[in-house]
>>> print(open('work-v7.cif').read())   # mmCIF, C-alpha atoms
data_entry
#
loop_
_atom_site.group_PDB
_atom_site.id
_atom_site.type_symbol
_atom_site.label_atom_id
_atom_site.label_comp_id
_atom_site.auth_asym_id
_atom_site.auth_seq_id
_atom_site.Cartn_x
_atom_site.Cartn_y
_atom_site.Cartn_z
ATOM 1 C CA MET A 1227 -15.079 -25.088 -56.850
ATOM 2 C CA THR A 1228 -13.146 -22.025 -57.977
ATOM 3 C CA SER A 1229 -12.012 -22.227 -61.578
ATOM 4 C CA LYS A 1230 -8.311 -22.884 -62.055
ATOM 5 C CA LYS A 1231 -5.936 -20.207 -63.281
ATOM 6 C CA VAL A 1232 -5.053 -20.680 -66.931
ATOM 7 C CA ILE A 1233 -1.546 -21.143 -68.311
ATOM 8 C CA ALA A 1234 -1.231 -20.696 -72.064
ATOM 9 C CA VAL A 1235 1.340 -23.067 -73.544
ATOM 10 C CA PHE A 1236 2.872 -22.102 -76.877
ATOM 11 C CA GLY A 1237 4.180 -24.781 -79.224
ATOM 12 C CA ALA A 1238 2.047 -27.286 -77.333
ATOM 13 C CA THR A 1239 2.379 -30.011 -79.974
ATOM 14 C CA GLY A 1240 6.184 -29.684 -80.061
ATOM 15 C CA ALA A 1241 8.714 -31.412 -77.813
ATOM 16 C CA GLN A 1242 9.149 -28.687 -75.169
ATOM 17 C CA GLY A 1243 5.610 -27.304 -75.221
ATOM 18 C CA GLY A 1244 4.117 -30.800 -75.174
ATOM 19 C CA SER A 1245 6.230 -31.775 -72.174
ATOM 20 C CA VAL A 1246 5.158 -28.621 -70.314
ATOM 21 C CA ALA A 1247 1.460 -28.963 -71.188
ATOM 22 C CA ARG A 1248 1.384 -32.596 -70.009
ATOM 23 C CA ALA A 1249 3.190 -31.858 -66.736
ATOM 24 C CA ILE A 1250 0.856 -28.959 -65.881
ATOM 25 C CA LEU A 1251 -2.204 -31.081 -66.693
ATOM 26 C CA GLU A 1252 -0.851 -33.893 -64.501
ATOM 27 C CA SER A 1253 -0.227 -31.553 -61.576
ATOM 28 C CA LYS A 1254 -3.894 -30.455 -61.749
ATOM 29 C CA LYS A 1255 -3.066 -27.054 -60.216
ATOM 30 C CA PHE A 1256 -3.599 -24.969 -63.352
ATOM 31 C CA ALA A 1257 -5.772 -25.249 -66.444
ATOM 32 C CA VAL A 1258 -3.913 -25.470 -69.770
ATOM 33 C CA ARG A 1259 -4.686 -23.539 -72.942
ATOM 34 C CA ALA A 1260 -2.583 -25.333 -75.550
ATOM 35 C CA MET A 1261 -1.676 -23.236 -78.566
ATOM 36 C CA THR A 1262 -0.741 -24.877 -81.851
ATOM 37 C CA ARG A 1263 -0.790 -23.988 -85.543
ATOM 38 C CA ASP A 1264 -2.770 -27.135 -86.371
ATOM 39 C CA VAL A 1265 -5.464 -28.194 -83.897
ATOM 40 C CA THR A 1266 -6.091 -31.454 -85.798
ATOM 41 C CA ARG A 1267 -2.594 -32.870 -85.200
ATOM 42 C CA PRO A 1268 -2.577 -36.135 -83.195
ATOM 43 C CA ASN A 1269 -0.546 -34.450 -80.415
ATOM 44 C CA ALA A 1270 -3.186 -31.711 -80.145
ATOM 45 C CA LEU A 1271 -5.997 -34.252 -79.876
ATOM 46 C CA VAL A 1272 -4.101 -36.119 -77.134
ATOM 47 C CA LEU A 1273 -3.780 -32.886 -75.133
ATOM 48 C CA ARG A 1274 -7.481 -32.197 -75.580
ATOM 49 C CA ASP A 1275 -8.280 -35.681 -74.287
ATOM 50 C CA LEU A 1276 -6.046 -35.000 -71.257
ATOM 51 C CA GLY A 1277 -8.139 -31.924 -70.458
ATOM 52 C CA ALA A 1278 -6.440 -29.030 -72.238
ATOM 53 C CA GLU A 1279 -8.305 -26.320 -74.123
ATOM 54 C CA VAL A 1280 -6.655 -26.503 -77.566
ATOM 55 C CA VAL A 1281 -6.606 -23.290 -79.602
ATOM 56 C CA LYS A 1282 -5.216 -22.398 -83.006
ATOM 57 C CA GLY A 1283 -2.448 -19.862 -82.783
ATOM 58 C CA ASP A 1284 0.602 -18.643 -84.608
ATOM 59 C CA LEU A 1285 3.509 -16.607 -83.244
ATOM 60 C CA ASN A 1286 3.460 -14.552 -86.449
ATOM 61 C CA ASP A 1287 -0.147 -13.528 -85.885
ATOM 62 C CA ALA A 1288 -0.723 -10.950 -83.131
ATOM 63 C CA ALA A 1289 -4.485 -11.506 -82.971
ATOM 64 C CA SER A 1290 -4.099 -15.231 -82.296
ATOM 65 C CA VAL A 1291 -1.419 -14.604 -79.643
ATOM 66 C CA GLU A 1292 -3.716 -12.091 -77.959
ATOM 67 C CA ALA A 1293 -6.616 -14.567 -78.032
ATOM 68 C CA ALA A 1294 -4.403 -17.293 -76.519
ATOM 69 C CA LEU A 1295 -3.255 -15.017 -73.691
ATOM 70 C CA LYS A 1296 -6.622 -13.395 -72.890
ATOM 71 C CA ASP A 1297 -7.548 -13.897 -69.216
ATOM 72 C CA ALA A 1298 -4.539 -16.206 -68.703
ATOM 73 C CA TYR A 1299 -2.590 -16.154 -65.447
ATOM 74 C CA GLY A 1300 0.644 -17.202 -67.108
ATOM 75 C CA ALA A 1301 2.282 -18.589 -70.222
ATOM 76 C CA PHE A 1302 5.042 -20.919 -71.329
ATOM 77 C CA VAL A 1303 6.682 -19.482 -74.412
ATOM 78 C CA VAL A 1304 8.978 -21.368 -76.791
ATOM 79 C CA THR A 1305 10.121 -20.208 -80.225
ATOM 80 C CA ASN A 1306 11.775 -22.398 -82.846
ATOM 81 C CA PHE A 1307 14.773 -20.929 -84.694
ATOM 82 C CA TRP A 1308 15.095 -24.121 -86.758
ATOM 83 C CA ASP A 1309 11.647 -23.506 -88.275
ATOM 84 C CA HIS A 1310 12.922 -20.587 -90.343
ATOM 85 C CA LEU A 1311 16.665 -20.193 -89.485
ATOM 86 C CA SER A 1312 16.144 -16.495 -88.828
ATOM 87 C CA LYS A 1313 17.319 -14.840 -85.628
ATOM 88 C CA GLU A 1314 15.376 -11.683 -86.585
ATOM 89 C CA LYS A 1315 12.149 -13.634 -86.955
ATOM 90 C CA GLU A 1316 12.676 -15.388 -83.618
ATOM 91 C CA VAL A 1317 13.278 -12.030 -81.905
ATOM 92 C CA CYS A 1318 10.137 -10.567 -83.526
ATOM 93 C CA GLN A 1319 8.017 -13.489 -82.333
ATOM 94 C CA GLY A 1320 9.388 -13.274 -78.782
ATOM 95 C CA LYS A 1321 8.896 -9.519 -78.532
ATOM 96 C CA LEU A 1322 5.340 -9.807 -79.872
ATOM 97 C CA VAL A 1323 4.453 -12.209 -77.047
ATOM 98 C CA ALA A 1324 6.237 -9.995 -74.495
ATOM 99 C CA ASP A 1325 4.320 -6.875 -75.574
ATOM 100 C CA ILE A 1326 0.955 -8.642 -75.431
ATOM 101 C CA ALA A 1327 1.780 -10.316 -72.072
ATOM 102 C CA LYS A 1328 2.665 -6.888 -70.669
ATOM 103 C CA ARG A 1329 -0.502 -5.240 -71.982
ATOM 104 C CA LEU A 1330 -2.746 -8.043 -70.703
ATOM 105 C CA GLY A 1331 -1.022 -8.101 -67.301
ATOM 106 C CA LEU A 1332 0.108 -11.740 -67.169
ATOM 107 C CA LYS A 1333 1.400 -12.674 -63.723
ATOM 108 C CA HIS A 1334 4.124 -15.174 -64.731
ATOM 109 C CA VAL A 1335 5.716 -16.030 -68.060
ATOM 110 C CA VAL A 1336 8.223 -18.879 -68.338
ATOM 111 C CA TYR A 1337 10.280 -18.344 -71.479
ATOM 112 C CA SER A 1338 12.510 -20.968 -73.044
ATOM 113 C CA GLY A 1339 15.541 -18.727 -73.390
ATOM 114 C CA LEU A 1340 19.306 -19.032 -73.839
ATOM 115 C CA GLU A 1341 22.332 -16.794 -73.475
ATOM 116 C CA ASP A 1342 23.028 -13.899 -75.855
ATOM 117 C CA VAL A 1343 26.452 -15.276 -76.769
ATOM 118 C CA LYS A 1344 27.300 -12.413 -79.112
ATOM 119 C CA ARG A 1345 26.769 -9.894 -76.309
ATOM 120 C CA LEU A 1346 28.554 -12.032 -73.704
ATOM 121 C CA THR A 1347 31.631 -12.469 -75.901
ATOM 122 C CA GLY A 1348 31.755 -8.879 -77.160
ATOM 123 C CA GLY A 1349 30.935 -10.038 -80.695
ATOM 124 C CA LYS A 1350 33.710 -12.656 -80.848
ATOM 125 C CA LEU A 1351 31.237 -15.520 -81.110
ATOM 126 C CA GLU A 1352 27.765 -15.645 -82.611
ATOM 127 C CA VAL A 1353 25.316 -18.482 -82.004
ATOM 128 C CA GLU A 1354 22.148 -17.266 -83.667
ATOM 129 C CA HIS A 1355 19.774 -19.805 -82.107
ATOM 130 C CA PHE A 1356 21.044 -18.669 -78.687
ATOM 131 C CA ASP A 1357 21.515 -14.941 -79.345
ATOM 132 C CA GLY A 1358 17.949 -14.227 -80.455
ATOM 133 C CA LYS A 1359 16.540 -15.909 -77.352
ATOM 134 C CA GLY A 1360 18.975 -13.928 -75.180
ATOM 135 C CA GLU A 1361 17.743 -10.710 -76.780
ATOM 136 C CA VAL A 1362 14.134 -11.691 -76.097
ATOM 137 C CA GLU A 1363 14.947 -12.531 -72.440
ATOM 138 C CA GLU A 1364 16.307 -9.022 -71.935
ATOM 139 C CA TYR A 1365 13.288 -7.495 -73.664
ATOM 140 C CA PHE A 1366 10.786 -9.323 -71.429
ATOM 141 C CA TRP A 1367 12.579 -8.062 -68.314
ATOM 142 C CA SER A 1368 13.195 -4.541 -69.657
ATOM 143 C CA ILE A 1369 9.483 -3.918 -70.235
ATOM 144 C CA GLY A 1370 8.601 -5.316 -66.811
ATOM 145 C CA VAL A 1371 6.981 -8.668 -67.610
ATOM 146 C CA PRO A 1372 7.244 -11.050 -64.609
ATOM 147 C CA MET A 1373 9.301 -13.668 -66.438
ATOM 148 C CA THR A 1374 11.530 -16.642 -65.641
ATOM 149 C CA SER A 1375 13.874 -17.844 -68.344
ATOM 150 C CA VAL A 1376 14.676 -21.552 -68.507
ATOM 151 C CA ARG A 1377 17.926 -22.173 -70.378
ATOM 152 C CA LEU A 1378 17.981 -25.804 -71.418
ATOM 153 C CA ALA A 1379 21.023 -28.003 -71.805
ATOM 154 C CA ALA A 1380 21.509 -30.079 -74.966
ATOM 155 C CA TYR A 1381 18.717 -32.585 -75.509
ATOM 156 C CA PHE A 1382 19.493 -36.247 -74.870
ATOM 157 C CA GLU A 1383 17.031 -36.834 -77.750
ATOM 158 C CA ASN A 1384 19.694 -35.497 -80.153
ATOM 159 C CA PHE A 1385 21.663 -38.711 -79.563
ATOM 160 C CA LEU A 1386 18.783 -40.609 -81.202
ATOM 161 C CA THR A 1387 18.774 -38.367 -84.289
ATOM 162 C CA ILE A 1388 21.332 -35.768 -85.390
ATOM 163 C CA TRP A 1389 24.047 -37.011 -83.003
ATOM 164 C CA LYS A 1390 23.496 -40.722 -83.601
ATOM 165 C CA VAL A 1391 26.663 -42.837 -83.466
ATOM 166 C CA VAL A 1392 28.141 -43.914 -86.805
ATOM 167 C CA LYS A 1393 30.107 -47.019 -87.737
ATOM 168 C CA ALA A 1394 33.822 -46.339 -88.104
ATOM 169 C CA SER A 1395 35.213 -46.877 -91.598
ATOM 170 C CA ASP A 1396 38.374 -48.547 -90.269
ATOM 171 C CA GLY A 1397 37.084 -51.146 -87.849
ATOM 172 C CA ASP A 1398 34.314 -52.821 -85.911
ATOM 173 C CA TYR A 1399 33.453 -49.913 -83.657
ATOM 174 C CA TYR A 1400 31.240 -46.812 -83.656
ATOM 175 C CA THR A 1401 32.027 -43.146 -83.090
ATOM 176 C CA LEU A 1402 30.334 -40.159 -81.511
ATOM 177 C CA ALA A 1403 31.511 -37.009 -83.282
ATOM 178 C CA LEU A 1404 30.894 -33.963 -81.078
ATOM 179 C CA PRO A 1405 33.731 -31.421 -80.737
ATOM 180 C CA MET A 1406 33.851 -31.054 -76.946
ATOM 181 C CA GLY A 1407 37.352 -32.398 -76.230
ATOM 182 C CA ASP A 1408 37.429 -33.426 -72.558
ATOM 183 C CA ILE A 1409 34.981 -30.734 -71.434
ATOM 184 C CA PRO A 1410 31.740 -32.120 -69.948
ATOM 185 C CA MET A 1411 28.556 -31.196 -71.814
ATOM 186 C CA ASP A 1412 25.275 -30.702 -69.971
ATOM 187 C CA GLY A 1413 22.268 -32.636 -71.186
ATOM 188 C CA ILE A 1414 18.638 -33.395 -70.359
ATOM 189 C CA SER A 1415 15.708 -35.230 -71.897
ATOM 190 C CA VAL A 1416 13.230 -32.693 -73.253
ATOM 191 C CA ALA A 1417 10.486 -34.940 -71.830
ATOM 192 C CA ASP A 1418 11.750 -34.063 -68.318
ATOM 193 C CA VAL A 1419 11.573 -30.309 -68.853
ATOM 194 C CA GLY A 1420 7.812 -30.097 -68.266
ATOM 195 C CA ALA A 1421 7.989 -31.014 -64.583
ATOM 196 C CA VAL A 1422 10.783 -28.454 -64.078
ATOM 197 C CA VAL A 1423 8.659 -25.690 -65.618
ATOM 198 C CA CYS A 1424 5.637 -26.812 -63.609
ATOM 199 C CA SER A 1425 7.643 -26.433 -60.365
ATOM 200 C CA ILE A 1426 8.717 -22.935 -61.450
ATOM 201 C CA PHE A 1427 5.065 -21.921 -62.005
ATOM 202 C CA ASN A 1428 4.350 -23.236 -58.491
ATOM 203 C CA SER A 1429 7.059 -20.979 -56.968
ATOM 204 C CA PRO A 1430 6.760 -17.561 -58.631
ATOM 205 C CA ALA A 1431 8.309 -15.644 -55.737
ATOM 206 C CA GLU A 1432 11.501 -17.707 -56.007
ATOM 207 C CA PHE A 1433 11.884 -17.595 -59.780
ATOM 208 C CA ILE A 1434 10.369 -14.463 -61.326
ATOM 209 C CA GLY A 1435 13.114 -12.247 -62.759
ATOM 210 C CA LYS A 1436 15.644 -15.080 -62.894
ATOM 211 C CA ALA A 1437 17.324 -17.176 -65.561
ATOM 212 C CA VAL A 1438 17.575 -20.830 -64.581
ATOM 213 C CA GLY A 1439 20.032 -23.212 -66.284
ATOM 214 C CA ILE A 1440 18.496 -26.687 -66.589
ATOM 215 C CA SER A 1441 20.559 -29.911 -66.815
ATOM 216 C CA ALA A 1442 20.149 -33.534 -65.710
ATOM 217 C CA GLU A 1443 23.913 -34.138 -65.718
ATOM 218 C CA ALA A 1444 27.141 -33.148 -67.448
ATOM 219 C CA LEU A 1445 29.228 -35.857 -69.139
ATOM 220 C CA THR A 1446 32.254 -35.847 -71.408
ATOM 221 C CA ILE A 1447 31.737 -37.205 -74.928
ATOM 222 C CA GLN A 1448 33.667 -40.333 -73.888
ATOM 223 C CA GLN A 1449 31.273 -40.781 -70.943
ATOM 224 C CA TYR A 1450 28.268 -40.434 -73.283
ATOM 225 C CA ALA A 1451 29.988 -43.003 -75.555
ATOM 226 C CA ASP A 1452 30.535 -45.356 -72.594
ATOM 227 C CA VAL A 1453 26.830 -45.257 -71.718
ATOM 228 C CA LEU A 1454 25.950 -46.026 -75.345
ATOM 229 C CA SER A 1455 28.514 -48.879 -75.457
ATOM 230 C CA LYS A 1456 27.029 -50.476 -72.359
ATOM 231 C CA SER A 1457 23.456 -50.051 -73.504
ATOM 232 C CA LEU A 1458 23.920 -51.124 -77.127
ATOM 233 C CA GLY A 1459 26.501 -53.838 -76.512
ATOM 234 C CA LYS A 1460 28.737 -52.141 -79.114
ATOM 235 C CA ASP A 1461 32.119 -50.449 -78.894
ATOM 236 C CA VAL A 1462 31.334 -46.704 -79.048
ATOM 237 C CA ARG A 1463 34.186 -44.166 -78.881
ATOM 238 C CA ASP A 1464 34.632 -40.421 -78.862
ATOM 239 C CA ALA A 1465 35.716 -39.571 -82.436
ATOM 240 C CA LYS A 1466 37.776 -36.690 -80.974
ATOM 241 C CA ILE A 1467 36.688 -34.526 -83.883
ATOM 242 C CA THR A 1468 38.188 -31.021 -83.950
ATOM 243 C CA MET A 1469 35.991 -27.928 -84.102
ATOM 244 C CA GLU A 1470 37.367 -27.111 -87.557
ATOM 245 C CA ALA A 1471 36.629 -30.610 -88.910
ATOM 246 C CA TYR A 1472 33.122 -30.499 -87.426
ATOM 247 C CA GLU A 1473 32.454 -27.132 -89.036
ATOM 248 C CA LYS A 1474 33.388 -28.572 -92.430
ATOM 249 C CA LEU A 1475 30.969 -31.519 -92.191
ATOM 250 C CA GLY A 1476 28.736 -29.474 -94.435
ATOM 251 C CA PHE A 1477 25.294 -30.374 -93.083
ATOM 252 C CA PRO A 1478 22.815 -27.457 -92.820
ATOM 253 C CA GLY A 1479 23.657 -25.515 -89.670
ATOM 254 C CA ALA A 1480 27.142 -27.084 -89.195
ATOM 255 C CA ALA A 1481 28.805 -23.713 -88.580
ATOM 256 C CA GLU A 1482 25.976 -22.670 -86.225
ATOM 257 C CA MET A 1483 26.348 -25.925 -84.256
ATOM 258 C CA ALA A 1484 30.141 -25.557 -84.131
ATOM 259 C CA ASN A 1485 29.711 -22.107 -82.583
ATOM 260 C CA MET A 1486 27.292 -23.607 -80.041
ATOM 261 C CA PHE A 1487 29.977 -26.143 -79.066
ATOM 262 C CA ARG A 1488 32.506 -23.289 -78.791
ATOM 263 C CA PHE A 1489 30.112 -21.665 -76.325
ATOM 264 C CA TYR A 1490 29.681 -24.979 -74.473
ATOM 265 C CA HIS A 1491 33.470 -24.958 -74.015
ATOM 266 C CA MET A 1492 32.932 -21.791 -71.948
ATOM 267 C CA LYS A 1493 30.776 -23.871 -69.549
ATOM 268 C CA PRO A 1494 27.501 -21.929 -69.453
ATOM 269 C CA ASP A 1495 25.711 -21.994 -66.124
ATOM 270 C CA ARG A 1496 23.490 -25.086 -65.915
ATOM 271 C CA ASP A 1497 22.394 -26.095 -62.427
ATOM 272 C CA VAL A 1498 22.151 -29.872 -62.047
ATOM 273 C CA LYS A 1499 21.293 -29.709 -58.331
ATOM 274 C CA LEU A 1500 18.458 -27.224 -58.852
ATOM 275 C CA THR A 1501 17.133 -29.224 -61.818
ATOM 276 C CA HIS A 1502 16.905 -32.330 -59.608
ATOM 277 C CA ARG A 1503 15.101 -30.309 -56.913
ATOM 278 C CA LEU A 1504 12.586 -29.006 -59.467
ATOM 279 C CA ASN A 1505 12.096 -32.464 -61.016
ATOM 280 C CA PRO A 1506 13.169 -35.252 -58.649
ATOM 281 C CA LYS A 1507 12.349 -37.817 -61.369
ATOM 282 C CA VAL A 1508 14.691 -36.262 -63.958
ATOM 283 C CA ARG A 1509 16.454 -39.065 -65.846
ATOM 284 C CA SER A 1510 20.166 -39.601 -66.294
ATOM 285 C CA PHE A 1511 21.542 -40.222 -69.792
ATOM 286 C CA SER A 1512 21.864 -43.901 -68.902
ATOM 287 C CA GLN A 1513 18.185 -44.146 -67.895
ATOM 288 C CA PHE A 1514 17.148 -42.190 -70.993
ATOM 289 C CA ILE A 1515 19.050 -44.487 -73.366
ATOM 290 C CA SER A 1516 17.805 -47.677 -71.709
ATOM 291 C CA GLU A 1517 14.223 -46.398 -72.161
ATOM 292 C CA ASN A 1518 14.833 -45.435 -75.805
ATOM 293 C CA GLN A 1519 16.785 -48.398 -77.110
ATOM 294 C CA GLY A 1520 14.154 -48.985 -79.781
ATOM 295 C CA ALA A 1521 15.226 -45.771 -81.504
ATOM 296 C CA LEU A 1522 18.784 -47.131 -81.815
ATOM 297 C CA LYS A 1523 17.988 -50.703 -82.816
ATOM 298 C CA ASP A 1524 19.160 -50.181 -86.411
ATOM 299 C CA ILE A 1525 22.740 -49.432 -85.329
#
>>> encode(input="work-v7.cif", output="structure tokens")
Amino acid sequence: MTSKKVIAVFGATGAQGGSVARAILESKKFAVRAMTRDVTRPNALVLRDLGAEVVKGDLNDAASVEAALKDAYGAFVVTNFWDHLSKEKEVCQGKLVADIAKRLGLKHVVYSGLEDVKRLTGGKLEVEHFDGKGEVEEYFWSIGVPMTSVRLAAYFENFLTIWKVVKASDGDYYTLALPMGDIPMDGISVADVGAVVCSIFNSPAEFIGKAVGISAEALTIQQYADVLSKSLGKDVRDAKITMEAYEKLGFPGAAEMANMFRFYHMKPDRDVKLTHRLNPKVRSFSQFISENQGALKDI
């Protein structure tokens, strides 16, 4: 039996990296080298039990990135702006991986990218957790790394945490406060991203050099609220919050998130049809919520 080609998966104990590592292991076509800062984490041990080679690695440490990519066919690369809230740091990490991937001659990198909003809008709008990734996308391609960028829609998982519905102060109903007006917002469960990435690794000729927008479906905030109402048996409504009011909510990153919603108003390119082709089992918001009702039981 010939040994399988190796795909190095960065952030393998995180949501995106974990989803990708599991999907590749399930497909059995490639071997997985799972990179994580802490090899003793429960998620790392689970991946090892599923057949991954788990290695310690840190995007701030060139030697560990080089070790993770040595003799690999490809890599899935994800950086986390929210770890340090620094666009500069995210760009540095991405470029480090790009330089090493180029030098080692990797055949296919899938990078979890996003649009460079600042560049697209001529500086009118800045969304730092997008812009840095957009800069890194361009860098990968400019130095000639065979790379596909996957640009993910908003996570359905956010509705279980930071976007959880809240009880209205003036009545027996709940509100969803996201400043989208009547414009549909694309979404996907991060757990469904792995199979999409796996399909992209299986079709390099089709996807190398491209940016692919990933989305399960696009719903208005009222439509998201309707799904939650039906699933929870509660009256959930769109709070119809304005961008300005949202910005003033004062939580860490409120202004950054408001600028992301401003960009969502411009309807970035997310391809629902292609996403369903790449992962025929991708779940709708309704399916996702019915499977995750436990996380909302305290509402």
>>> atom_distance(input="work-v7.cif", atom1="CA of Val1303 (chain A)", atom2="CA of Ser1510 (chain A)")
25.5 Å
>>> residues_around(input="work-v7.cif", residues="Gly1360 (chain A)", least_positions_apart="4", cutoff="6 Å", atoms="all atoms listed in the file", output="ChimeraX atom specification")
/A:1340-1342
>>> residues_near_point(input="work-v7.cif", point="(7.9, -27.8, -72.7)", cutoff="12 Å", atoms="all atoms listed in the file", output="PyMOL selection string")
chain A and resi 1234-1250+1260+1301-1305+1336-1339+1376-1378+1415-1424
>>> resolve_selection(input="work-v7.cif", expression="the PyMOL selection byres ((chain A and resi 1357) around 12)", output="PyMOL selection string")
chain A and resi 1307+1312-1314+1316-1317+1339-1347+1349+1351-1356+1358-1364+1482+1485-1486+1489
>>> write_last_selection(input="work-v7.cif", atoms="C-alpha atoms", output="compact mmCIF listing (two decimals), keeping the file's coordinate frame")
# COMPACT_ATOMS: atom_id res chain seq x y z
CA PHE A 1307 14.77 -20.93 -84.69
CA SER A 1312 16.14 -16.50 -88.83
CA LYS A 1313 17.32 -14.84 -85.63
CA GLU A 1314 15.38 -11.68 -86.58
CA GLU A 1316 12.68 -15.39 -83.62
CA VAL A 1317 13.28 -12.03 -81.90
CA GLY A 1339 15.54 -18.73 -73.39
CA LEU A 1340 19.31 -19.03 -73.84
CA GLU A 1341 22.33 -16.79 -73.47
CA ASP A 1342 23.03 -13.90 -75.86
CA VAL A 1343 26.45 -15.28 -76.77
CA LYS A 1344 27.30 -12.41 -79.11
CA ARG A 1345 26.77 -9.89 -76.31
CA LEU A 1346 28.55 -12.03 -73.70
CA THR A 1347 31.63 -12.47 -75.90
CA GLY A 1349 30.94 -10.04 -80.69
CA LEU A 1351 31.24 -15.52 -81.11
CA GLU A 1352 27.76 -15.64 -82.61
CA VAL A 1353 25.32 -18.48 -82.00
CA GLU A 1354 22.15 -17.27 -83.67
CA HIS A 1355 19.77 -19.80 -82.11
CA PHE A 1356 21.04 -18.67 -78.69
CA GLY A 1358 17.95 -14.23 -80.46
CA LYS A 1359 16.54 -15.91 -77.35
CA GLY A 1360 18.98 -13.93 -75.18
CA GLU A 1361 17.74 -10.71 -76.78
CA VAL A 1362 14.13 -11.69 -76.10
CA GLU A 1363 14.95 -12.53 -72.44
CA GLU A 1364 16.31 -9.02 -71.94
CA GLU A 1482 25.98 -22.67 -86.22
CA ASN A 1485 29.71 -22.11 -82.58
CA MET A 1486 27.29 -23.61 -80.04
CA PHE A 1489 30.11 -21.66 -76.32
>>> atom_distance(input="work-v7.cif", atom1="CA of Pro1506 (chain A)", atom2="CA of Lys1255 (chain A)")
18.3 Å
>>> resolve_selection(input="work-v7.cif", expression="the PyMOL selection byres ((chain A and resi 1491) around 9)", output="list of chain:residue names")
A:Met1406, A:Gly1407, A:Ile1409, A:Pro1410, A:Met1411, A:Met1486, A:Phe1487, A:Arg1488, A:Phe1489, A:Tyr1490, A:Met1492, A:Lys1493, A:Pro1494
>>> resolve_selection(input="work-v7.cif", expression="the PyMOL selection byres ((chain A and resi 1442) around 9)", output="list of chain:residue names")
A:Ala1379, A:Asp1412, A:Gly1413, A:Ile1414, A:Ser1415, A:Asp1418, A:Ile1440, A:Ser1441, A:Glu1443, A:Ala1444, A:Asp1497, A:Val1498, A:Lys1499, A:Thr1501, A:His1502, A:Val1508, A:Arg1509, A:Ser1510, A:Phe1511
>>> closest_residue(input="work-v7.cif", among="A:Val1281, A:Val1335, A:Ile1515, A:Leu1271", to="Thr1374 (chain A)", atoms="all atoms listed in the file")
A:Val1335
>>> atom_distance(input="work-v7.cif", atom1="CA of Asp1461 (chain A)", atom2="CA of Tyr1381 (chain A)")
22.6 Å
>>> closest_residue(input="work-v7.cif", among="A:Arg1267, A:Gln1319, A:Ala1278, A:Leu1273", to="Val1291 (chain A)", atoms="all atoms listed in the file")
A:Gln1319
>>> residues_around(input="work-v7.cif", residues="region 1472-1478 of chain A", least_positions_apart="3", cutoff="8 Å", atoms="only C-alpha atoms", output="list in words")
Ala1403, Leu1404, Pro1405, Ile1467, Thr1468, Met1469, Ala1481, Met1483 and Ala1484 of chain A
>>> residues_around(input="work-v7.cif", residues="region 1392-1397 of chain A", least_positions_apart="5", cutoff="12 Å", atoms="all atoms listed in the file", output="list in words")
Phe1385, Leu1386, Thr1387, Leu1402, Ala1403, Leu1404, Ala1451, Leu1454, Lys1460, Asp1461, Val1462, Arg1463, Asp1464, Ala1465, Leu1522, Asp1524 and Ile1525 of chain A
>>> write_last_selection(input="work-v7.cif", atoms="C-alpha atoms", output="JSON list (two decimals), in the frame of the given file")
[["chain", "number", "residue", "atom", "x", "y", "z"],
["A", 1385, "PHE", "CA", 21.66, -38.71, -79.56],
["A", 1386, "LEU", "CA", 18.78, -40.61, -81.20],
["A", 1387, "THR", "CA", 18.77, -38.37, -84.29],
["A", 1402, "LEU", "CA", 30.33, -40.16, -81.51],
["A", 1403, "ALA", "CA", 31.51, -37.01, -83.28],
["A", 1404, "LEU", "CA", 30.89, -33.96, -81.08],
["A", 1451, "ALA", "CA", 29.99, -43.00, -75.56],
["A", 1454, "LEU", "CA", 25.95, -46.03, -75.34],
["A", 1460, "LYS", "CA", 28.74, -52.14, -79.11],
["A", 1461, "ASP", "CA", 32.12, -50.45, -78.89],
["A", 1462, "VAL", "CA", 31.33, -46.70, -79.05],
["A", 1463, "ARG", "CA", 34.19, -44.17, -78.88],
["A", 1464, "ASP", "CA", 34.63, -40.42, -78.86],
["A", 1465, "ALA", "CA", 35.72, -39.57, -82.44],
["A", 1522, "LEU", "CA", 18.78, -47.13, -81.82],
["A", 1524, "ASP", "CA", 19.16, -50.18, -86.41],
["A", 1525, "ILE", "CA", 22.74, -49.43, -85.33]]
>>> residues_around(input="work-v7.cif", residues="Tyr1365 (chain A)", least_positions_apart="6", cutoff="10 Å", atoms="only C-alpha atoms", output="PyMOL selection string")
chain A and resi 1317+1320-1321+1324-1325+1359+1371
>>> closest_residue(input="work-v7.cif", among="A:Asn1428, A:Ser1290, A:Ala1327, A:Ser1512", to="Lys1254 (chain A)", atoms="only C-alpha atoms")
A:Asn1428
>>> residues_around(input="work-v7.cif", residues="Ala1431 (chain A)", least_positions_apart="4", cutoff="12 Å", atoms="only C-alpha atoms", output="list in words")
Lys1333, His1334, Pro1372, Met1373, Thr1374, Ser1425, Ile1426, Phe1427, Gly1435 and Lys1436 of chain A
>>> axis_aligned_box(input="work-v7.cif", around="region 1282-1289 of chain A", padding_each_side="4 Å", output="AutoDock Vina command-line options")
--center_x -0.9 --center_y -16.7 --center_z -84.6 --size_x 16.7 --size_y 19.4 --size_z 11.7
>>> closest_residue(input="work-v7.cif", among="A:Leu1276, A:Leu1251, A:Val1438, A:Ala1294", to="Arg1263 (chain A)", atoms="all atoms listed in the file")
A:Ala1294
